[in-house]
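Reproduced below: start-v4.csv, with CSV, C-alpha atoms.
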```csv
chain,number,residue,atom,x,y,z
A,13,MET,CA,-47.9,-14.1,6.0
A,14,ARG,CA,-46.7,-16.6,3.4
A,15,GLY,CA,-44.9,-13.9,1.4
A,16,ARG,CA,-43.0,-12.7,4.5
A,17,ARG,CA,-41.8,-16.2,5.4
A,18,VAL,CA,-40.4,-16.7,1.9
A,19,ARG,CA,-38.6,-13.4,1.8
A,20,TRP,CA,-37.1,-14.1,5.3
A,21,ARG,CA,-35.8,-17.4,4.0
A,22,GLU,CA,-34.4,-15.8,0.9
A,23,ALA,CA,-32.6,-13.1,3.0
A,24,LEU,CA,-31.2,-15.8,5.3
A,25,GLY,CA,-29.9,-17.7,2.3
A,26,ILE,CA,-28.2,-14.7,0.8
A,27,ALA,CA,-26.7,-13.7,4.1
A,28,LEU,CA,-25.3,-17.3,4.5
A,29,LEU,CA,-23.8,-17.2,1.0
A,30,LEU,CA,-22.2,-13.8,1.5
A,31,GLY,CA,-20.9,-14.8,4.9
A,32,GLY,CA,-19.5,-18.1,3.7
A,33,THR,CA,-17.5,-16.7,0.8
A,34,GLY,CA,-16.0,-13.8,2.7
A,35,GLY,CA,-17.7,-11.3,0.3
A,36,GLY,CA,-18.5,-8.7,3.0
A,37,PRO,CA,-16.8,-5.3,3.1
A,38,ALA,CA,-14.7,-6.4,6.2
A,39,ALA,CA,-13.1,-9.2,4.2
A,40,ALA,CA,-11.9,-6.8,1.6
A,41,ALA,CA,-10.1,-4.6,4.1
A,42,GLU,CA,-6.4,-5.5,4.6
A,43,GLU,CA,-5.2,-5.8,8.1
A,44,SER,CA,-2.9,-3.0,9.1
A,45,TRP,CA,-0.7,-2.1,12.1
A,46,THR,CA,0.9,1.1,13.4
A,47,VAL,CA,4.7,0.9,14.0
A,48,LYS,CA,5.3,2.9,17.2
A,49,GLY,CA,9.0,2.2,17.6
A,50,LEU,CA,12.0,0.0,16.9
A,51,ARG,CA,12.9,-2.9,19.1
A,52,THR,CA,16.6,-2.9,18.3
A,53,GLU,CA,19.1,0.0,18.0
A,54,LYS,CA,19.2,-0.3,14.3
A,55,VAL,CA,16.5,-1.7,11.9
A,56,THR,CA,17.2,-2.6,8.2
A,57,LEU,CA,14.6,-1.7,5.6
A,58,TYR,CA,14.6,-4.0,2.6
A,59,ASP,CA,13.1,-3.7,-0.9
A,60,CYS,CA,9.9,-5.6,-1.3
A,61,ASN,CA,11.1,-8.2,-3.8
A,62,PRO,CA,8.6,-11.0,-4.2
A,63,ASP,CA,11.4,-13.6,-3.7
A,64,ARG,CA,12.2,-13.0,-0.1
A,65,ASP,CA,15.6,-14.7,-0.4
A,66,LYS,CA,16.7,-12.0,-2.9
A,67,ARG,CA,15.7,-9.0,-0.9
A,68,LYS,CA,18.4,-6.4,-0.7
A,69,PRO,CA,18.9,-4.0,2.2
A,70,GLN,CA,18.1,-0.4,1.2
A,71,MET,CA,18.7,1.6,4.3
A,72,ASP,CA,19.2,1.4,8.1
A,73,VAL,CA,17.1,3.3,10.6
A,74,ALA,CA,18.5,4.0,14.0
A,75,ARG,CA,16.2,4.1,17.0
A,76,LYS,CA,17.1,7.7,17.7
A,77,ASP,CA,16.3,8.6,14.0
A,78,PHE,CA,12.9,6.9,14.0
A,79,LYS,CA,10.3,9.4,12.9
A,80,GLY,CA,7.0,7.6,13.1
A,81,PRO,CA,4.5,6.2,13.4
A,82,TRP,CA,4.6,4.1,10.2
A,83,VAL,CA,1.5,2.4,8.8
A,84,ALA,CA,2.3,-1.3,8.1
A,85,THR,CA,0.5,-4.0,6.2
A,86,ARG,CA,1.3,-7.7,5.8
A,87,ASP,CA,3.7,-8.6,3.0
A,88,ALA,CA,2.2,-11.2,0.6
A,89,ALA,CA,5.5,-12.9,-0.1
A,90,SER,CA,6.4,-13.7,3.5
A,91,PRO,CA,4.5,-13.4,6.8
A,92,LEU,CA,7.7,-12.5,8.6
A,93,TYR,CA,7.9,-9.1,6.9
A,94,LEU,CA,5.7,-6.0,7.1
A,95,LYS,CA,5.4,-3.4,4.3
A,96,VAL,CA,5.9,0.1,5.6
A,97,GLN,CA,5.8,3.6,4.0
A,98,VAL,CA,8.9,5.7,4.9
A,99,ASN,CA,9.3,9.1,3.2
A,100,GLN,CA,6.7,8.1,0.5
A,101,THR,CA,8.7,5.0,-0.4
A,102,GLU,CA,7.6,1.4,0.3
A,103,TYR,CA,10.0,-0.9,2.2
A,104,CYS,CA,9.8,-4.2,3.9
A,105,VAL,CA,10.9,-4.6,7.5
A,106,ARG,CA,11.1,-7.7,9.6
A,107,ALA,CA,8.1,-7.9,11.8
A,108,PHE,CA,10.0,-8.9,15.0
A,109,ALA,CA,12.3,-5.8,14.7
A,110,VAL,CA,9.5,-3.2,15.2
A,111,ASP,CA,7.1,-2.4,18.0
A,112,THR,CA,3.4,-2.3,17.0
A,113,GLU,CA,0.3,-1.3,18.8
A,114,LYS,CA,-1.1,-4.9,18.5
A,115,PRO,CA,0.6,-8.3,18.0
A,116,VAL,CA,1.3,-9.5,14.5
A,117,ALA,CA,0.2,-13.1,14.3
A,118,ILE,CA,1.7,-15.5,11.8
A,119,GLU,CA,-0.5,-18.0,10.1
A,120,ARG,CA,0.0,-21.4,11.7
A,121,ASP,CA,0.4,-23.3,8.5
A,122,ARG,CA,3.1,-21.1,7.1
A,123,GLU,CA,5.4,-20.5,10.1
A,124,CYS,CA,5.0,-22.2,13.5
A,125,GLY,CA,2.2,-19.8,14.8
A,126,ALA,CA,4.3,-17.5,16.8
A,127,MET,CA,3.6,-13.9,17.7
A,128,VAL,CA,6.4,-11.7,16.4
A,129,ALA,CA,5.6,-8.1,17.3
A,130,GLY,CA,3.6,-6.2,19.9
A,131,LYS,CA,3.5,-6.1,23.6
A,132,LEU,CA,1.5,-8.8,25.4
A,133,PRO,CA,-0.1,-8.0,28.8
A,134,LYS,CA,1.7,-9.4,31.8
A,135,THR,CA,0.0,-12.1,33.7
A,136,GLY,CA,-0.4,-12.0,37.5
A,137,ALA,CA,2.2,-14.7,38.0
A,138,THR,CA,5.0,-12.6,36.4
A,139,ARG,CA,4.0,-9.1,37.2
A,140,GLY,CA,6.9,-7.1,38.5
A,141,VAL,CA,9.5,-9.9,38.0
A,142,GLY,CA,12.7,-8.4,36.6
A,143,GLU,CA,11.5,-4.8,36.8
A,144,CYS,CA,13.5,-2.2,38.7
A,145,LYS,CA,11.3,0.1,40.8
```
Output the file's structure as structure tokens, nothing else.
Amino acid sequence: MRGRRVRWREALGIALLLGGTGGGPAAAAEESWTVKGLRTEKVTLYDCNPDRDKRKPQMDVARKDFKGPWVATRDAASPLYLKVQVNQTEYCVRAFAVDTEKPVAIERDRECGAMVAGKLPKTGATRGVGECK
């Protein structure tokens, strides 16, 4: 019985250490989104320059020309941009300009904590307001 108790404590200690440092396999996975559409008539795709103030527009994509879905990941230089693959080329797009399957949250410390993409469910108080039926 003594040996089991020691092993159990060792296993608990190892689990706490791995959980506290984020060393699990889920921490290594990068969060990704699926871009299902464009929110505006035309969306500009930028090069992914690390200095976000020096990003240059590369091409425009019209809503009617959107051939998706695109897989998007968070841009390390700015939380306001998402990296997308379009025709085997990596571009950056402003997160608020695209429609994703789940909301893209911005870290509170870096930018005011706003949700910039995705469709939030309607609450009961606003259901049907402003919708033509």
Selection: 9 Å around Arg106 in chain A, all atoms listed in the file, excl. self and same-chain fewer than 5 positions, as a PDB file with C-alpha atoms, in the coordinates of the input:
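Once written, around.pdb looks like this:
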```pdb
ATOM      1  CA  VAL A  55      16.500  -1.700  11.900  1.00  0.00           C
ATOM      2  CA  THR A  56      17.200  -2.600   8.200  1.00  0.00           C
ATOM      3  CA  LEU A  57      14.600  -1.700   5.600  1.00  0.00           C
ATOM      4  CA  TYR A  58      14.600  -4.000   2.600  1.00  0.00           C
ATOM      5  CA  LEU A  92       7.700 -12.500   8.600  1.00  0.00           C
ATOM      6  CA  TYR A  93       7.900  -9.100   6.900  1.00  0.00           C
ATOM      7  CA  LEU A  94       5.700  -6.000   7.100  1.00  0.00           C
ATOM      8  CA  LYS A  95       5.400  -3.400   4.300  1.00  0.00           C
TER       9      LYS A  95
END
```
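With only C-alpha atoms as the atoms that count, the minimum distance from Gln100 in chain A to the choices A:Trp82, A:Val116, A:Trp45, A:Val73 is reached by A:Trp82.
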**Complete:** Of A:Ala88, A:Cys104, A:Val110, A:Val98, the one sitting nearest Val47 in chain A when using only C-alpha atoms is A:Val110
**Request:** Would you please work out which residue, of A:Glu113, A:Lys68, A:Asp63, A:Glu102, is nearest to Pro81 in chain A when using only C-alpha atoms?
**Result:** A:Glu113
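Between CA of Lys76 in chain A and CA of Val105 in chain A lies a distance of 17.1 Å.
Taking CA of Ala107 in chain A as the reference point, CA of Leu50 in chain A is found at 10.2 Å.
Compared by their closest atoms to Lys54 in chain A, and using only C-alpha atoms, the residues A:Arg67, A:Arg75, A:Arg86, A:Lys114 rank with A:Arg75 nearest.
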**Request:** Counting only C-alpha atoms, write as a ChimeraX atom specification all protein and nucleic acid residues lying at most 8 Å from (5.4, -0.6, 1.1) in the file's frame.
**Result:** /A:60,84-85,95-97,101-104
Prev. selection, C-alpha atoms, output as an mmCIF file, in the frame of the given file:
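Done, and the output landed in out07.cif:
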```cif
data_model
loop_
_atom_site.group_PDB
_atom_site.id
_atom_site.type_symbol
_atom_site.label_atom_id
_atom_site.label_comp_id
_atom_site.auth_asym_id
_atom_site.auth_seq_id
_atom_site.Cartn_x
_atom_site.Cartn_y
_atom_site.Cartn_z
ATOM 1 C CA CYS A 60 9.900 -5.600 -1.300
ATOM 2 C CA ALA A 84 2.300 -1.300 8.100
ATOM 3 C CA THR A 85 0.500 -4.000 6.200
ATOM 4 C CA LYS A 95 5.400 -3.400 4.300
ATOM 5 C CA VAL A 96 5.900 0.100 5.600
ATOM 6 C CA GLN A 97 5.800 3.600 4.000
ATOM 7 C CA THR A 101 8.700 5.000 -0.400
ATOM 8 C CA GLU A 102 7.600 1.400 0.300
ATOM 9 C CA TYR A 103 10.000 -0.900 2.200
ATOM 10 C CA CYS A 104 9.800 -4.200 3.900
#
```
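The residue that comes closest to Ala109 in chain A, out of A:Asp77, A:Glu42, A:Glu53, A:Asp87 and on the basis of only C-alpha atoms, is A:Glu53.
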**Asked** How many Å lie between CA of Lys79 in chain A and CA of Asp59 in chain A, rounded to one decimal?
**Response** 19.2 Å
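Distance check against Phe108 in chain A using only C-alpha atoms: of A:Met71, A:Ser44, A:Glu22, A:Thr52, the minimum falls on A:Thr52.
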